[in-house]
Amino acid sequence: MLEGLSTLNDIPIVFYGKVLDQFNNPVAYATVNFGVRVYNGHESTVKYGKITSDADGLFTISGYKGESLQMGAKKPGYAWVGMNGSGIYSKLYPEDQRAHPDQNNPVIIKMWKLQGAEPLVRFNEHYKLHYMDTPINFDLLAGQIVPNGGDIQLTVNRAAGVISGHNRLAWSVQVAAVNGGVMDSSGLERVTYSAPENGYQPSRTFMFSTNPPDKWFGGFNQGFFMTSRNGQVYSKVKLSFNINDAPDGLMSVTFNGVANTNGSRNWEATAPQDP
């Protein structure tokens with residue numbers, strides 16, 4: 001066992017990186033803190049170090065042995081960025097999951113150059129609602145349901161009867177922006193500090209059924225970038241939704257996120273500072 005770990009889990013660590021800002025300009029002299037995970041049957045620890053990017057944003061980590069590498073980069077005037085799981089080197093993992101360092105093709109690390117934060121409105125609202133087949137409008141800024149207007153509109157459709165893991169009837173939710181558009185955030189809400197300029201769609205529909213290519217779930221979590229109120233509000237929103245199991249039961253809806261209400265795409269107030 002020890003011999004196997006020493007052979008398969010104690011691999012030379014080599015990492016070639018390049019730090020760029022959101023405009024694809026090199027970030028010179030950024031501090032890169034890193035940790036090498038060592039688990040070789042004789043030692044179980046993390047060895048820490050740091051290195052500085054050069055004038056072209058390039059840096060190299062080498063001279064260590066271990067199973068994996070993680071890192072974070074920081075520089076005054078930039079949002080701190082962490083990269084958990086920056087590289088797996090252990091031969092206990094499949095080839096396509098392991099790091100393959102290439103000096104001519106460094107791994108790009110994106111840092112956000114701060115332009116100046118603006119005030120944001122934060123929201124975290126939870127609702128328990130009876131099912132209705134007509135659109136429901138939510139005012140994210142006021143934290144309430146409104147008869148019309150607001151920021152986001154949900155339209156739910158469900159089959160009659162009890163919906164459960166044992167009775168997987170079809171249901172769907174259409175998510176629409178009010179006088180604006182929505183865009184899947186692809187899990188990038190935490191590291192995006194300016195709303196996309198374009199690429200929005202009026203709505204997005206989530207369908208849950210046992211008919212391929214659909215998949216059935218009783219609820220979902222989805223992040224969105226969104227503009228509403230004719231471009232006056234830009235938001236990044238995490239929506240959590242659970243369908244009511246019994247027809248007379250309650251649907252569960254939660255909105256969590258931030259909004260810039262000044263007609264600006266600036267979300268820099270959510271950027272993390274140096275740890």
# chains A, B, ... in the order shown; residues from 1 in each chain; ligands from 1
call {"tool": "select_by_dssp", "arguments": {"residues": "stretch 80-182 of chain A", "states": "strand (DSSP E or B)", "output": "count of residues only"}}
result
49
call {"tool": "closest_atom_pairs", "arguments": {"of": "stretch 129-231 of chain A", "to": "stretch 93-111 of chain A", "cutoff": "12 Å", "atoms": "only C-alpha atoms", "output": "Markdown table"}}
result
| residue | atom | partner | partner_atom | distance |
| --- | --- | --- | --- | --- |
| A:Val191 | CA | A:Met111 | CA | 9.2 |
| A:Thr192 | CA | A:Met111 | CA | 10.2 |
| A:Tyr193 | CA | A:Met111 | CA | 10.7 |
call {"tool": "write_last_selection", "arguments": {"atoms": "N, CA and C atoms", "output": "tab-separated table (two decimals), in the first residue's frame"}}
result
chain	number	residue	atom	x	y	z
A	191	VAL	N	-17.99	34.88	-9.48
A	191	VAL	CA	-16.74	35.44	-10.02
A	191	VAL	C	-17.01	36.38	-11.19
A	192	THR	N	-18.23	36.87	-11.31
A	192	THR	CA	-18.57	37.82	-12.36
A	192	THR	C	-18.99	39.12	-11.70
A	193	TYR	N	-18.28	40.20	-12.00
A	193	TYR	CA	-18.48	41.46	-11.31
A	193	TYR	C	-18.96	42.57	-12.25
call {"tool": "closest_residue", "arguments": {"among": "A:Leu120, A:Ile145, A:Leu8, A:Ile88", "to": "A:Ala259", "atoms": "only C-alpha atoms"}}
result
A:Leu120
call {"tool": "closest_residue", "arguments": {"among": "A:Glu43, A:Glu268, A:Asp248, A:Asp10", "to": "A:His130", "atoms": "only C-alpha atoms"}}
result
A:Asp248
call {"tool": "residues_around", "arguments": {"residues": "A:Glu189", "least_positions_apart": "3", "cutoff": "8 Å", "atoms": "only C-alpha atoms", "output": "MDAnalysis selection string"}}
result
chainID A and resid 185:186 192 223:225 236:237
call {"tool": "closest_residue", "arguments": {"among": "A:Thr45, A:Asn167, A:Asn198, A:Asn33", "to": "A:Val81", "atoms": "only C-alpha atoms"}}
result
A:Asn33
call {"tool": "residues_around", "arguments": {"residues": "A:Asn25", "least_positions_apart": "4", "cutoff": "9 Å", "atoms": "only C-alpha atoms", "output": "number ranges by chain"}}
result
A: 19-21, 56-57
call {"tool": "write_last_selection", "arguments": {"atoms": "N, CA, C and O atoms", "output": "mmCIF file, in the first residue's frame"}}
result
data_model
loop_
_atom_site.group_PDB
_atom_site.id
_atom_site.type_symbol
_atom_site.label_atom_id
_atom_site.label_comp_id
_atom_site.auth_asym_id
_atom_site.auth_seq_id
_atom_site.Cartn_x
_atom_site.Cartn_y
_atom_site.Cartn_z
ATOM 1 N N VAL A 19 -1.486 35.021 -15.777
ATOM 2 C CA VAL A 19 -2.547 35.799 -15.150
ATOM 3 C C VAL A 19 -2.964 36.929 -16.084
ATOM 4 O O VAL A 19 -2.130 37.730 -16.516
ATOM 5 N N LEU A 20 -4.266 36.965 -16.407
ATOM 6 C CA LEU A 20 -4.834 38.004 -17.265
ATOM 7 C C LEU A 20 -5.991 38.678 -16.547
ATOM 8 O O LEU A 20 -6.658 38.066 -15.704
ATOM 9 N N ASP A 21 -6.264 39.951 -16.887
ATOM 10 C CA ASP A 21 -7.441 40.602 -16.348
ATOM 11 C C ASP A 21 -8.635 40.370 -17.273
ATOM 12 O O ASP A 21 -8.527 39.632 -18.272
ATOM 13 N N ASP A 56 4.915 39.754 -17.972
ATOM 14 C CA ASP A 56 3.939 39.258 -18.940
ATOM 15 C C ASP A 56 2.832 38.441 -18.289
ATOM 16 O O ASP A 56 2.036 37.792 -18.982
ATOM 17 N N GLY A 57 2.790 38.436 -16.952
ATOM 18 C CA GLY A 57 1.773 37.671 -16.227
ATOM 19 C C GLY A 57 2.075 36.198 -16.099
ATOM 20 O O GLY A 57 1.251 35.434 -15.597
#
call {"tool": "residues_around", "arguments": {"residues": "A:Gly143", "least_positions_apart": "6", "cutoff": "10 Å", "atoms": "only C-alpha atoms", "output": "list in words"}}
result
Phe123, Asn124, Glu125, His126, Tyr127, Gly150 and Phe255 of chain A
call {"tool": "write_last_selection", "arguments": {"atoms": "N, CA, C and O atoms", "output": "PDB file, in the first residue's frame"}}
result
ATOM      1  N   PHE A 123     -30.895  40.992  -2.124  1.00  0.00           N
ATOM      2  CA  PHE A 123     -32.200  40.408  -1.828  1.00  0.00           C
ATOM      3  C   PHE A 123     -32.053  38.929  -1.505  1.00  0.00           C
ATOM      4  O   PHE A 123     -31.184  38.237  -2.032  1.00  0.00           O
ATOM      5  N   ASN A 124     -32.891  38.465  -0.617  1.00  0.00           N
ATOM      6  CA  ASN A 124     -32.969  37.049  -0.232  1.00  0.00           C
ATOM      7  C   ASN A 124     -34.402  36.803   0.232  1.00  0.00           C
ATOM      8  O   ASN A 124     -34.721  36.993   1.406  1.00  0.00           O
ATOM      9  N   GLU A 125     -35.256  36.424  -0.711  1.00  0.00           N
ATOM     10  CA  GLU A 125     -36.688  36.308  -0.435  1.00  0.00           C
ATOM     11  C   GLU A 125     -37.175  34.884  -0.667  1.00  0.00           C
ATOM     12  O   GLU A 125     -36.798  34.242  -1.649  1.00  0.00           O
ATOM     13  N   HIS A 126     -38.003  34.410   0.251  1.00  0.00           N
ATOM     14  CA  HIS A 126     -38.543  33.048   0.150  1.00  0.00           C
ATOM     15  C   HIS A 126     -40.061  33.119   0.163  1.00  0.00           C
ATOM     16  O   HIS A 126     -40.654  33.855   0.967  1.00  0.00           O
ATOM     17  N   TYR A 127     -40.679  32.357  -0.729  1.00  0.00           N
ATOM     18  CA  TYR A 127     -42.136  32.360  -0.859  1.00  0.00           C
ATOM     19  C   TYR A 127     -42.659  30.925  -0.829  1.00  0.00           C
ATOM     20  O   TYR A 127     -42.042  30.014  -1.381  1.00  0.00           O
ATOM     21  N   GLY A 150     -42.511  44.695 -11.958  1.00  0.00           N
ATOM     22  CA  GLY A 150     -41.484  44.003 -11.190  1.00  0.00           C
ATOM     23  C   GLY A 150     -40.273  43.666 -12.047  1.00  0.00           C
ATOM     24  O   GLY A 150     -39.935  44.385 -12.984  1.00  0.00           O
ATOM     25  N   PHE A 255     -35.456  33.568  -4.099  1.00  0.00           N
ATOM     26  CA  PHE A 255     -34.577  34.404  -4.907  1.00  0.00           C
ATOM     27  C   PHE A 255     -33.477  34.956  -4.006  1.00  0.00           C
ATOM     28  O   PHE A 255     -33.752  35.531  -2.953  1.00  0.00           O
TER      29      PHE A 255
END
call {"tool": "residues_around", "arguments": {"residues": "A:Met183", "least_positions_apart": "2", "cutoff": "12 Å", "atoms": "only C-alpha atoms", "output": "PyMOL selection string"}}
result
chain A and resi 175-177+180-181+185-189+195-205+222-228+234-238
call {"tool": "write_last_selection", "arguments": {"atoms": "N, CA, C and O atoms", "output": "tab-separated table (two decimals), in the first residue's frame"}}
result
chain	number	residue	atom	x	y	z
A	175	VAL	N	-39.14	31.00	-16.84
A	175	VAL	CA	-38.56	32.14	-16.14
A	175	VAL	C	-38.38	33.26	-17.16
A	175	VAL	O	-37.65	33.10	-18.14
A	176	ALA	N	-39.05	34.39	-16.95
A	176	ALA	CA	-38.99	35.50	-17.89
A	176	ALA	C	-38.60	36.77	-17.15
A	176	ALA	O	-38.97	36.99	-15.99
A	177	ALA	N	-37.83	37.62	-17.82
A	177	ALA	CA	-37.51	38.94	-17.29
A	177	ALA	C	-38.63	39.90	-17.71
A	177	ALA	O	-39.18	39.81	-18.81
A	180	GLY	N	-37.03	43.01	-20.12
A	180	GLY	CA	-35.59	42.78	-20.14
A	180	GLY	C	-35.26	41.40	-20.67
A	180	GLY	O	-35.93	40.91	-21.58
A	181	GLY	N	-34.25	40.77	-20.11
A	181	GLY	CA	-33.84	39.45	-20.58
A	181	GLY	C	-33.09	38.69	-19.50
A	181	GLY	O	-32.59	39.27	-18.52
A	185	SER	N	-26.21	31.79	-15.93
A	185	SER	CA	-24.91	32.27	-15.45
A	185	SER	C	-23.85	31.19	-15.44
A	185	SER	O	-22.68	31.47	-15.20
A	186	SER	N	-24.25	29.92	-15.70
A	186	SER	CA	-23.31	28.79	-15.79
A	186	SER	C	-22.44	28.66	-14.55
A	186	SER	O	-21.28	28.27	-14.63
A	187	GLY	N	-23.01	28.99	-13.39
A	187	GLY	CA	-22.27	28.85	-12.14
A	187	GLY	C	-21.22	29.92	-11.90
A	187	GLY	O	-20.41	29.80	-10.98
A	188	LEU	N	-21.24	30.99	-12.70
A	188	LEU	CA	-20.19	32.02	-12.62
A	188	LEU	C	-20.64	33.26	-11.84
A	188	LEU	O	-19.96	34.29	-11.88
A	189	GLU	N	-21.76	33.16	-11.11
A	189	GLU	CA	-22.25	34.33	-10.38
A	189	GLU	C	-21.20	34.88	-9.42
A	189	GLU	O	-21.01	36.10	-9.29
A	195	ALA	N	-22.20	42.82	-15.35
A	195	ALA	CA	-23.22	42.11	-16.11
A	195	ALA	C	-22.83	42.04	-17.58
A	195	ALA	O	-22.28	43.00	-18.13
A	196	PRO	N	-23.10	40.91	-18.24
A	196	PRO	CA	-22.84	40.82	-19.68
A	196	PRO	C	-23.58	41.93	-20.43
A	196	PRO	O	-24.68	42.33	-20.05
A	197	GLU	N	-22.96	42.39	-21.49
A	197	GLU	CA	-23.57	43.48	-22.27
A	197	GLU	C	-24.69	42.98	-23.16
A	197	GLU	O	-25.68	43.67	-23.39
A	198	ASN	N	-24.56	41.73	-23.67
A	198	ASN	CA	-25.59	41.20	-24.55
A	198	ASN	C	-25.67	39.69	-24.34
A	198	ASN	O	-24.99	39.13	-23.49
A	199	GLY	N	-26.52	39.02	-25.11
A	199	GLY	CA	-26.71	37.57	-25.00
A	199	GLY	C	-27.93	37.18	-24.20
A	199	GLY	O	-28.16	35.99	-23.96
A	200	TYR	N	-28.76	38.15	-23.80
A	200	TYR	CA	-29.95	37.86	-23.01
A	200	TYR	C	-31.09	37.38	-23.90
A	200	TYR	O	-31.20	37.77	-25.06
A	201	GLN	N	-31.95	36.55	-23.32
A	201	GLN	CA	-33.16	36.08	-23.99
A	201	GLN	C	-34.37	36.49	-23.16
A	201	GLN	O	-34.26	36.64	-21.94
A	202	PRO	N	-35.54	36.65	-23.79
A	202	PRO	CA	-36.72	37.06	-23.02
A	202	PRO	C	-37.08	36.09	-21.90
A	202	PRO	O	-37.54	36.51	-20.83
A	203	SER	N	-36.88	34.79	-22.13
A	203	SER	CA	-37.27	33.81	-21.12
A	203	SER	C	-36.47	32.52	-21.28
A	203	SER	O	-35.79	32.32	-22.29
A	204	ARG	N	-36.60	31.67	-20.27
A	204	ARG	CA	-35.98	30.35	-20.30
A	204	ARG	C	-36.96	29.38	-19.64
A	204	ARG	O	-37.50	29.68	-18.57
A	205	THR	N	-37.22	28.25	-20.29
A	205	THR	CA	-38.17	27.27	-19.76
A	205	THR	C	-37.44	26.03	-19.28
A	205	THR	O	-36.58	25.48	-19.98
A	222	GLN	N	-30.95	27.33	-10.07
A	222	GLN	CA	-30.38	27.88	-11.29
A	222	GLN	C	-29.96	29.32	-11.07
A	222	GLN	O	-30.70	30.11	-10.47
A	223	GLY	N	-28.76	29.66	-11.56
A	223	GLY	CA	-28.30	31.03	-11.51
A	223	GLY	C	-28.56	31.74	-12.82
A	223	GLY	O	-28.49	31.15	-13.90
A	224	PHE	N	-28.86	33.03	-12.72
A	224	PHE	CA	-29.14	33.85	-13.90
A	224	PHE	C	-28.42	35.19	-13.81
A	224	PHE	O	-28.25	35.75	-12.73
A	225	PHE	N	-28.02	35.71	-14.98
A	225	PHE	CA	-27.76	37.13	-15.14
A	225	PHE	C	-29.02	37.70	-15.76
A	225	PHE	O	-29.60	37.10	-16.67
A	226	MET	N	-29.44	38.87	-15.30
A	226	MET	CA	-30.74	39.36	-15.74
A	226	MET	C	-30.73	40.89	-15.82
A	226	MET	O	-30.11	41.57	-15.00
A	227	THR	N	-31.41	41.41	-16.81
A	227	THR	CA	-31.71	42.83	-16.89
A	227	THR	C	-33.23	43.00	-16.92
A	227	THR	O	-33.94	42.19	-17.51
A	228	SER	N	-33.73	44.03	-16.24
A	228	SER	CA	-35.17	44.27	-16.16
A	228	SER	C	-35.43	45.77	-16.13
A	228	SER	O	-34.50	46.58	-16.08
A	234	TYR	N	-29.78	45.70	-13.42
A	234	TYR	CA	-29.00	44.52	-13.79
A	234	TYR	C	-28.80	43.69	-12.52
A	234	TYR	O	-28.30	44.20	-11.51
A	235	SER	N	-29.17	42.41	-12.59
A	235	SER	CA	-29.13	41.55	-11.41
A	235	SER	C	-28.39	40.25	-11.70
A	235	SER	O	-28.35	39.78	-12.85
A	236	LYS	N	-27.81	39.67	-10.67
A	236	LYS	CA	-27.41	38.27	-10.73
A	236	LYS	C	-28.21	37.56	-9.65
A	236	LYS	O	-28.22	37.96	-8.49
A	237	VAL	N	-28.92	36.51	-10.08
A	237	VAL	CA	-29.97	35.90	-9.27
A	237	VAL	C	-29.76	34.41	-9.16
A	237	VAL	O	-29.48	33.73	-10.16
A	238	LYS	N	-29.91	33.88	-7.95
A	238	LYS	CA	-29.97	32.43	-7.76
A	238	LYS	C	-31.42	32.07	-7.44
A	238	LYS	O	-31.99	32.56	-6.46
call {"tool": "residues_around", "arguments": {"residues": "A:Ser44", "least_positions_apart": "6", "cutoff": "10 Å", "atoms": "only C-alpha atoms", "output": "list of chain:residue names"}}
result
A:Arg37, A:Val38, A:Gly66
call {"tool": "atom_distance", "arguments": {"atom1": "atom CA of A:Ala30", "atom2": "atom CA of A:Ile11"}}
result
26.6 Å
call {"tool": "closest_residue", "arguments": {"among": "A:Tyr89, A:Phe59, A:Tyr39, A:Trp112", "to": "A:Pro272", "atoms": "only C-alpha atoms"}}
result
A:Trp112
call {"tool": "closest_residue", "arguments": {"among": "A:Ile13, A:Val32, A:Val233, A:Leu114", "to": "A:Ala79", "atoms": "only C-alpha atoms"}}
result
A:Leu114
call {"tool": "select_by_dssp", "arguments": {"residues": "stretch 80-271 of chain A", "states": "helix (DSSP H, G or I)", "output": "ChimeraX atom specification"}}
result
/A:95-97,189-191,268-270
call {"tool": "write_last_selection", "arguments": {"atoms": "N, CA and C atoms", "output": "compact mmCIF listing (two decimals), in the first residue's frame"}}
result
# COMPACT_ATOMS: atom_id res chain seq x y z
N GLU A 95 -6.35 9.50 -16.85
CA GLU A 95 -5.46 10.39 -17.60
C GLU A 95 -6.12 11.70 -17.97
N ASP A 96 -7.40 11.66 -18.36
CA ASP A 96 -8.06 12.88 -18.82
C ASP A 96 -8.42 13.83 -17.68
N GLN A 97 -8.24 13.40 -16.42
CA GLN A 97 -8.49 14.27 -15.28
C GLN A 97 -7.21 14.85 -14.69
N GLU A 189 -21.76 33.16 -11.11
CA GLU A 189 -22.25 34.33 -10.38
C GLU A 189 -21.20 34.88 -9.42
N ARG A 190 -20.49 34.00 -8.72
CA ARG A 190 -19.55 34.42 -7.68
C ARG A 190 -18.34 35.14 -8.24
N VAL A 191 -17.99 34.88 -9.48
CA VAL A 191 -16.74 35.44 -10.02
C VAL A 191 -17.01 36.38 -11.19
N GLU A 268 -19.21 45.23 -8.84
CA GLU A 268 -17.93 45.07 -8.16
C GLU A 268 -18.03 45.04 -6.63
N ALA A 269 -19.14 45.51 -6.07
CA ALA A 269 -19.30 45.45 -4.63
C ALA A 269 -19.37 44.01 -4.13
N THR A 270 -19.56 43.04 -5.04
CA THR A 270 -19.58 41.63 -4.63
C THR A 270 -18.22 40.97 -4.76
call {"tool": "atom_distance", "arguments": {"atom1": "atom CA of A:Gln174", "atom2": "atom CA of A:Gly161"}}
result
20.5 Å
call {"tool": "atom_distance", "arguments": {"atom1": "atom CA of A:Gly219", "atom2": "atom CA of A:Asn256"}}
result
16.1 Å
